[in-house]
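Colleague: Here you go, target-v1.cif (mmCIF, C-alpha atoms and all ligand atoms; chains and numbers go by the auth columns):
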data_input
#
loop_
_atom_site.group_PDB
_atom_site.id
_atom_site.type_symbol
_atom_site.label_atom_id
_atom_site.label_comp_id
_atom_site.label_asym_id
_atom_site.label_seq_id
_atom_site.Cartn_x
_atom_site.Cartn_y
_atom_site.Cartn_z
_atom_site.B_iso_or_equiv
_atom_site.auth_seq_id
_atom_site.auth_asym_id
ATOM 1 C CA MET A 1 -12.544 -32.872 102.005 0.00 1 A
ATOM 2 C CA SER A 2 -14.724 -29.991 103.144 0.00 2 A
ATOM 3 C CA ILE A 3 -15.702 -27.298 100.680 0.00 3 A
ATOM 4 C CA GLU A 4 -13.609 -24.851 102.683 0.00 4 A
ATOM 5 C CA ASN A 5 -10.504 -26.963 102.309 0.00 5 A
ATOM 6 C CA GLU A 6 -11.200 -27.541 98.634 0.00 6 A
ATOM 7 C CA LEU A 7 -11.508 -23.794 98.137 0.00 7 A
ATOM 8 C CA LYS A 8 -8.312 -23.181 100.098 0.00 8 A
ATOM 9 C CA GLN A 9 -6.561 -25.544 97.777 0.00 9 A
ATOM 10 C CA ARG A 10 -8.033 -23.873 94.684 0.00 10 A
ATOM 11 C CA SER A 11 -7.120 -20.389 95.866 0.00 11 A
ATOM 12 C CA ASN A 12 -3.757 -21.248 97.449 0.00 12 A
ATOM 13 C CA GLY A 13 -5.140 -20.027 100.756 0.00 13 A
ATOM 14 C CA VAL A 14 -5.986 -16.459 99.816 0.00 14 A
ATOM 15 C CA CYS A 15 -9.122 -14.414 99.210 0.00 15 A
ATOM 16 C CA GLU A 16 -10.211 -15.023 95.645 0.00 16 A
ATOM 17 C CA LEU A 17 -11.139 -11.385 95.153 0.00 17 A
ATOM 18 C CA CYS A 18 -8.395 -9.407 96.866 0.00 18 A
ATOM 19 C CA GLY A 19 -5.628 -11.880 97.691 0.00 19 A
ATOM 20 C CA SER A 20 -5.681 -11.264 101.460 0.00 20 A
ATOM 21 C CA SER A 21 -5.196 -14.280 103.708 0.00 21 A
ATOM 22 C CA ASP A 22 -7.042 -12.836 106.727 0.00 22 A
ATOM 23 C CA ASP A 23 -10.107 -14.473 108.188 0.00 23 A
ATOM 24 C CA LEU A 24 -10.952 -16.623 105.177 0.00 24 A
ATOM 25 C CA LYS A 25 -14.493 -17.909 104.842 0.00 25 A
ATOM 26 C CA VAL A 26 -16.601 -19.612 102.251 0.00 26 A
ATOM 27 C CA TYR A 27 -19.016 -17.314 100.397 0.00 27 A
ATOM 28 C CA GLN A 28 -21.757 -18.874 98.321 0.00 28 A
ATOM 29 C CA VAL A 29 -22.175 -16.956 95.064 0.00 29 A
ATOM 30 C CA ASN A 30 -24.598 -19.237 93.282 0.00 30 A
ATOM 31 C CA LEU A 31 -27.373 -20.164 95.692 0.00 31 A
ATOM 32 C CA ASN A 32 -28.284 -23.110 93.480 0.00 32 A
ATOM 33 C CA ASP A 33 -24.850 -24.668 93.640 0.00 33 A
ATOM 34 C CA ASP A 34 -23.262 -25.444 96.978 0.00 34 A
ATOM 35 C CA GLY A 35 -20.288 -27.153 95.366 0.00 35 A
ATOM 36 C CA LEU A 36 -16.925 -25.837 94.316 0.00 36 A
ATOM 37 C CA ASP A 37 -18.341 -24.086 91.245 0.00 37 A
ATOM 38 C CA GLY A 38 -20.863 -22.131 93.302 0.00 38 A
ATOM 39 C CA ASN A 39 -18.596 -20.872 96.072 0.00 39 A
ATOM 40 C CA VAL A 40 -15.567 -18.691 96.516 0.00 40 A
ATOM 41 C CA LEU A 41 -13.151 -18.142 99.366 0.00 41 A
ATOM 42 C CA LEU A 42 -13.222 -14.583 100.706 0.00 42 A
ATOM 43 C CA CYS A 43 -11.300 -12.684 103.356 0.00 43 A
ATOM 44 C CA GLY A 44 -13.135 -11.019 106.239 0.00 44 A
ATOM 45 C CA VAL A 45 -13.312 -7.617 104.544 0.00 45 A
ATOM 46 C CA CYS A 46 -14.622 -8.923 101.229 0.00 46 A
ATOM 47 C CA ASN A 47 -17.047 -11.248 102.980 0.00 47 A
ATOM 48 C CA ALA A 48 -18.537 -8.501 105.098 0.00 48 A
ATOM 49 C CA ASN A 49 -18.903 -5.995 102.272 0.00 49 A
ATOM 50 C CA VAL A 50 -19.423 -7.834 99.035 0.00 50 A
ATOM 51 C CA ASP A 51 -23.218 -7.660 99.340 0.00 51 A
ATOM 52 C CA SER A 52 -23.162 -3.876 99.602 0.00 52 A
ATOM 53 C CA PRO A 53 -19.764 -2.917 98.201 0.00 53 A
ATOM 54 C CA LYS A 54 -20.419 0.804 98.194 0.00 54 A
ATOM 55 C CA GLU A 55 -20.207 0.894 101.986 0.00 55 A
ATOM 56 C CA ILE A 56 -16.433 0.719 102.123 0.00 56 A
ATOM 57 C CA ASP A 57 -13.696 2.682 100.374 0.00 57 A
ATOM 58 C CA GLU A 58 -13.952 1.863 96.701 0.00 58 A
ATOM 59 C CA ASN A 59 -10.177 1.465 96.488 0.00 59 A
ATOM 60 C CA HIS A 60 -10.541 -1.889 98.183 0.00 60 A
ATOM 61 C CA TRP A 61 -12.404 -3.080 95.112 0.00 61 A
ATOM 62 C CA ARG A 62 -9.619 -2.155 92.688 0.00 62 A
ATOM 63 C CA CYS A 63 -8.608 -5.769 93.331 0.00 63 A
ATOM 64 C CA LEU A 64 -11.426 -6.731 90.978 0.00 64 A
ATOM 65 C CA ASN A 65 -9.216 -5.523 88.157 0.00 65 A
ATOM 66 C CA ASP A 66 -7.295 -8.778 88.625 0.00 66 A
ATOM 67 C CA SER A 67 -9.909 -11.138 89.993 0.00 67 A
ATOM 68 C CA MET A 68 -12.293 -10.462 87.099 0.00 68 A
ATOM 69 C CA TRP A 69 -9.835 -12.449 84.961 0.00 69 A
ATOM 70 C CA SER A 70 -9.817 -15.430 87.310 0.00 70 A
ATOM 71 C CA GLU A 71 -9.690 -18.822 85.633 0.00 71 A
ATOM 72 C CA HIS A 72 -12.659 -19.825 87.793 0.00 72 A
ATOM 73 C CA GLN A 73 -15.928 -18.634 86.393 0.00 73 A
ATOM 74 C CA ILE A 74 -17.611 -18.328 89.772 0.00 74 A
ATOM 75 C CA VAL A 75 -14.960 -15.802 90.826 0.00 75 A
ATOM 76 C CA GLN A 76 -15.587 -13.879 87.600 0.00 76 A
ATOM 77 C CA ILE A 77 -19.288 -13.920 88.345 0.00 77 A
ATOM 78 C CA LEU A 78 -18.762 -12.443 91.794 0.00 78 A
ATOM 79 C CA ALA A 79 -16.382 -9.810 90.376 0.00 79 A
ATOM 80 C CA TYR A 80 -19.004 -8.903 87.782 0.00 80 A
ATOM 81 C CA ARG A 81 -21.739 -8.674 90.410 0.00 81 A
ATOM 82 C CA THR A 82 -19.605 -6.485 92.642 0.00 82 A
ATOM 83 C CA LEU A 83 -18.523 -4.155 89.828 0.00 83 A
ATOM 84 C CA LYS A 84 -22.116 -3.775 88.763 0.00 84 A
ATOM 85 C CA GLN A 85 -23.208 -2.839 92.273 0.00 85 A
ATOM 86 C CA LEU A 86 -20.390 -0.332 92.591 0.00 86 A
ATOM 87 C CA ASN A 87 -21.697 1.432 89.505 0.00 87 A
ATOM 88 C CA GLU A 88 -18.671 3.725 89.345 0.00 88 A
ATOM 89 C CA SER A 89 -17.235 4.816 86.005 0.00 89 A
ATOM 90 C CA TRP A 90 -14.022 2.817 86.491 0.00 90 A
ATOM 91 C CA ALA A 91 -16.076 -0.225 87.497 0.00 91 A
ATOM 92 C CA ASN A 92 -18.321 0.107 84.474 0.00 92 A
ATOM 93 C CA GLU A 93 -15.260 0.315 82.212 0.00 93 A
ATOM 94 C CA LEU A 94 -14.055 -2.984 83.613 0.00 94 A
ATOM 95 C CA LEU A 95 -17.503 -4.496 83.144 0.00 95 A
ATOM 96 C CA ASP A 96 -17.386 -3.544 79.477 0.00 96 A
ATOM 97 C CA MET A 97 -14.195 -5.555 79.107 0.00 97 A
ATOM 98 C CA MET A 98 -15.619 -8.677 80.701 0.00 98 A
ATOM 99 C CA TYR A 99 -17.202 -11.462 78.835 0.00 99 A
ATOM 100 C CA LEU A 100 -19.747 -13.609 80.632 0.00 100 A
ATOM 101 C CA ASP A 101 -22.315 -15.790 78.933 0.00 101 A
ATOM 102 C CA ASP A 102 -25.988 -15.258 79.676 0.00 102 A
ATOM 103 C CA ASP A 103 -26.191 -18.059 82.233 0.00 103 A
ATOM 104 C CA ALA A 104 -23.286 -16.619 84.167 0.00 104 A
ATOM 105 C CA LYS A 105 -24.779 -13.130 84.011 0.00 105 A
ATOM 106 C CA ALA A 106 -28.057 -14.478 85.349 0.00 106 A
ATOM 107 C CA ILE A 107 -26.225 -15.939 88.362 0.00 107 A
ATOM 108 C CA ALA A 108 -24.456 -12.623 88.900 0.00 108 A
ATOM 109 C CA ASP A 109 -27.669 -10.624 88.629 0.00 109 A
ATOM 110 C CA ALA A 110 -29.552 -12.951 90.964 0.00 110 A
ATOM 111 C CA GLY A 111 -27.442 -11.674 93.835 0.00 111 A
ATOM 112 C CA ILE A 112 -27.967 -7.988 93.183 0.00 112 A
ATOM 113 C CA VAL A 113 -30.380 -6.071 95.325 0.00 113 A
ATOM 114 C CA SER A 114 -32.103 -3.923 92.750 0.00 114 A
ATOM 115 C CA VAL A 115 -31.181 -0.265 92.833 0.00 115 A
ATOM 116 C CA GLU A 116 -34.875 0.542 93.040 0.00 116 A
ATOM 117 C CA ASP A 117 -35.328 -1.495 96.216 0.00 117 A
ATOM 118 C CA ALA A 118 -32.146 -0.328 97.846 0.00 118 A
ATOM 119 C CA GLY A 119 -32.842 3.326 97.246 0.00 119 A
ATOM 120 C CA ASP A 120 -36.564 3.078 97.798 0.00 120 A
ATOM 121 C CA VAL A 121 -37.716 6.547 98.686 0.00 121 A
ATOM 122 C CA LYS A 122 -41.321 6.450 99.835 0.00 122 A
ATOM 123 C CA LYS A 123 -43.598 9.154 98.544 0.00 123 A
ATOM 124 C CA ASP A 124 -47.251 9.904 99.183 0.00 124 A
ATOM 125 C CA ALA A 125 -49.899 10.546 96.516 0.00 125 A
ATOM 126 C CA ASN A 126 -48.614 14.085 96.082 0.00 126 A
ATOM 127 C CA GLY A 127 -44.994 13.108 95.788 0.00 127 A
ATOM 128 C CA ASN A 128 -44.078 14.229 99.312 0.00 128 A
ATOM 129 C CA ILE A 129 -41.322 12.126 100.808 0.00 129 A
ATOM 130 C CA LEU A 130 -42.481 10.107 103.791 0.00 130 A
ATOM 131 C CA VAL A 131 -40.224 9.560 106.770 0.00 131 A
ATOM 132 C CA GLU A 132 -40.437 7.450 109.906 0.00 132 A
ATOM 133 C CA GLY A 133 -42.909 8.935 112.393 0.00 133 A
ATOM 134 C CA ASP A 134 -44.977 10.912 109.875 0.00 134 A
ATOM 135 C CA SER A 135 -48.749 10.974 110.030 0.00 135 A
ATOM 136 C CA VAL A 136 -50.729 10.225 106.899 0.00 136 A
ATOM 137 C CA THR A 137 -54.351 10.216 105.825 0.00 137 A
ATOM 138 C CA ILE A 138 -55.735 7.327 103.803 0.00 138 A
ATOM 139 C CA ILE A 139 -57.331 8.741 100.642 0.00 139 A
ATOM 140 C CA LYS A 140 -59.153 5.640 99.438 0.00 140 A
ATOM 141 C CA ASP A 141 -60.967 2.796 101.183 0.00 141 A
ATOM 142 C CA LEU A 142 -58.448 0.003 101.368 0.00 142 A
ATOM 143 C CA GLU A 143 -59.350 -3.583 101.969 0.00 143 A
ATOM 144 C CA VAL A 144 -56.780 -5.054 104.317 0.00 144 A
ATOM 145 C CA LYS A 145 -56.127 -8.553 103.135 0.00 145 A
ATOM 146 C CA GLY A 146 -55.844 -11.061 105.919 0.00 146 A
ATOM 147 C CA ALA A 147 -57.070 -8.653 108.599 0.00 147 A
ATOM 148 C CA GLY A 148 -60.722 -8.740 107.584 0.00 148 A
ATOM 149 C CA PHE A 149 -61.461 -5.038 107.625 0.00 149 A
ATOM 150 C CA THR A 150 -61.356 -1.994 105.425 0.00 150 A
ATOM 151 C CA ALA A 151 -59.090 0.886 106.249 0.00 151 A
ATOM 152 C CA LYS A 152 -61.472 3.741 105.616 0.00 152 A
ATOM 153 C CA ARG A 153 -60.789 6.770 103.544 0.00 153 A
ATOM 154 C CA GLY A 154 -60.012 9.705 105.816 0.00 154 A
ATOM 155 C CA THR A 155 -58.418 7.575 108.547 0.00 155 A
ATOM 156 C CA VAL A 156 -55.354 9.231 109.985 0.00 156 A
ATOM 157 C CA VAL A 157 -52.431 6.921 110.638 0.00 157 A
ATOM 158 C CA LYS A 158 -49.950 8.346 113.089 0.00 158 A
ATOM 159 C CA GLY A 159 -46.325 7.461 113.590 0.00 159 A
ATOM 160 C CA ILE A 160 -45.753 5.427 110.453 0.00 160 A
ATOM 161 C CA GLY A 161 -42.759 3.178 109.983 0.00 161 A
ATOM 162 C CA LEU A 162 -41.027 2.807 106.631 0.00 162 A
ATOM 163 C CA GLY A 163 -40.811 -0.983 106.802 0.00 163 A
ATOM 164 C CA ASN A 164 -38.955 -2.894 104.134 0.00 164 A
ATOM 165 C CA VAL A 165 -41.587 -3.443 101.468 0.00 165 A
ATOM 166 C CA ALA A 166 -41.093 -1.310 98.381 0.00 166 A
ATOM 167 C CA GLY A 167 -43.916 1.140 97.770 0.00 167 A
ATOM 168 C CA HIS A 168 -45.465 0.564 101.207 0.00 168 A
ATOM 169 C CA ILE A 169 -45.193 1.975 104.708 0.00 169 A
ATOM 170 C CA GLU A 170 -46.164 0.382 107.999 0.00 170 A
ATOM 171 C CA GLY A 171 -48.888 1.848 110.127 0.00 171 A
ATOM 172 C CA LYS A 172 -51.437 0.920 112.750 0.00 172 A
ATOM 173 C CA VAL A 173 -55.087 0.915 111.711 0.00 173 A
ATOM 174 C CA ASN A 174 -57.766 -0.400 114.093 0.00 174 A
ATOM 175 C CA GLY A 175 -54.933 -1.405 116.380 0.00 175 A
ATOM 176 C CA VAL A 176 -53.447 -3.684 113.765 0.00 176 A
ATOM 177 C CA LYS A 177 -50.074 -3.090 112.194 0.00 177 A
ATOM 178 C CA ILE A 178 -50.518 -3.229 108.422 0.00 178 A
ATOM 179 C CA TYR A 179 -48.722 -2.289 105.258 0.00 179 A
ATOM 180 C CA LEU A 180 -50.240 0.585 103.328 0.00 180 A
ATOM 181 C CA LYS A 181 -49.542 1.478 99.743 0.00 181 A
ATOM 182 C CA THR A 182 -47.934 4.906 99.695 0.00 182 A
ATOM 183 C CA CYS A 183 -49.822 6.040 96.578 0.00 183 A
ATOM 184 C CA PHE A 184 -53.076 5.937 98.608 0.00 184 A
ATOM 185 C CA LEU A 185 -51.767 8.158 101.386 0.00 185 A
ATOM 186 C CA LYS A 186 -51.354 11.857 101.973 0.00 186 A
ATOM 187 C CA LYS A 187 -48.928 13.310 104.436 0.00 187 A
ATOM 188 C CA VAL A 188 -50.743 15.255 107.143 0.00 188 A
HETATM 189 ZN ZN ZN B . -10.729 -10.135 100.085 0.00 1 B
#
If you convert what's in this file into structure tokens, what do you get?
Modeller:
Amino acid sequence: MSIENELKQRSNGVCELCGSSDDLKVYQVNLNDDGLDGNVLLCGVCNANVDSPKEIDENHWRCLNDSMWSEHQIVQILAYRTLKQLNESWANELLDMMYLDDDAKAIADAGIVSVEDAGDVKKDANGNILVEGDSVTIIKDLEVKGAGFTAKRGTVVKGIGLGNVAGHIEGKVNGVKIYLKTCFLKKV
């Protein structure tokens, strides 16, 4: 039997977080376990939003009030992960009531995009916030690993991109697109 059918049997054909029966799909919670204990069955809404739960109305997630007590630990783990990412007072109260052992917590935490990364505001050496399209000056000679040149102090980099590497922006130096550490830059 496929994992999907096994999960349907386990869940009686409903989303294991919210109980909806719409658009059910397998969601892997524990990336190191592709079996029944690593997966849950989720509806379309839960599936699409469970990785960034704050993007939809938080009332949808009130369902976690029930699913956090699931008899299946992997469902508890996903409920825990989602509550933690919501980081709302009601969610934190529920978290306080939950008991997960350290191994289970580690699985839950492994799926959380750290708050620091998600809300990464890029600032230059003076603490000015950098935005897409800004121009910056490099304030220290920077060896560009892999490109074989040094980005010289005083070089102006125009039209930066924010990229997706924490603490860095993207910019073109010597015609090459590179990542630059924001602490070595000054907004022009
Ligand atoms: Zn659901």
Colleague: Apply the PyMOL selection byres (((not hetatm)) within 10 of (chain B and resi 1)) to the structure shown and report the selected residues as a list in words.
Modeller: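 Written out, the selection comes to Val14, Cys15, Glu16, Leu17, Cys18, Gly19, Ser20, Ser21, Asp22, Asp23, Leu24, Lys25, Leu41, Leu42, Cys43, Gly44, Val45, Cys46, Asn47, Ala48, Asn49, Val50, His60, Trp61, Cys63 and Leu64 of chain A.
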Colleague: Which neighbours of region 184-187 of chain A fall inside 9 Å, counting only C-alpha atoms, when residues of the same chain fewer than 5 positions from it are skipped, and could you give them as a list of chain:residue names?
Modeller: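 Residues near the query, excluding close chain neighbours: A:Lys123, A:Asp124, A:Ala125, A:Asn126, A:Gly127, A:Asn128, A:Ile129, A:Leu130, A:Asp134, A:Ser135, A:Val136, A:Thr137, A:Ile138, A:Ile139, A:Lys140, A:Asp141, A:Leu142.
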Colleague: Would you please work out which residue, of A:Asp102, A:Glu132, A:Asp57, A:Glu143, is nearest to Gly163 (chain A) when using all atoms listed in the file?
Modeller: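 For Gly163 (chain A), the nearest of the candidates is A:Glu132.
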Colleague: Given all atoms listed in the file as the basis, pick out the residue of A:Ile74, A:Ala104, A:Leu36, A:Leu86 nearest to Ile56 (chain A).
Modeller: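 So, comparing all the options, the nearest one is A:Leu86.
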Colleague: Which of these, A:Ala108, A:Ile77, A:Val144, A:Met97, has the shortest distance to Ile178 (chain A) once you count all atoms listed in the file?
Modeller: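 Comparing A:Ala108, A:Ile77, A:Val144, A:Met97 against Ile178 (chain A), the winner is A:Val144.
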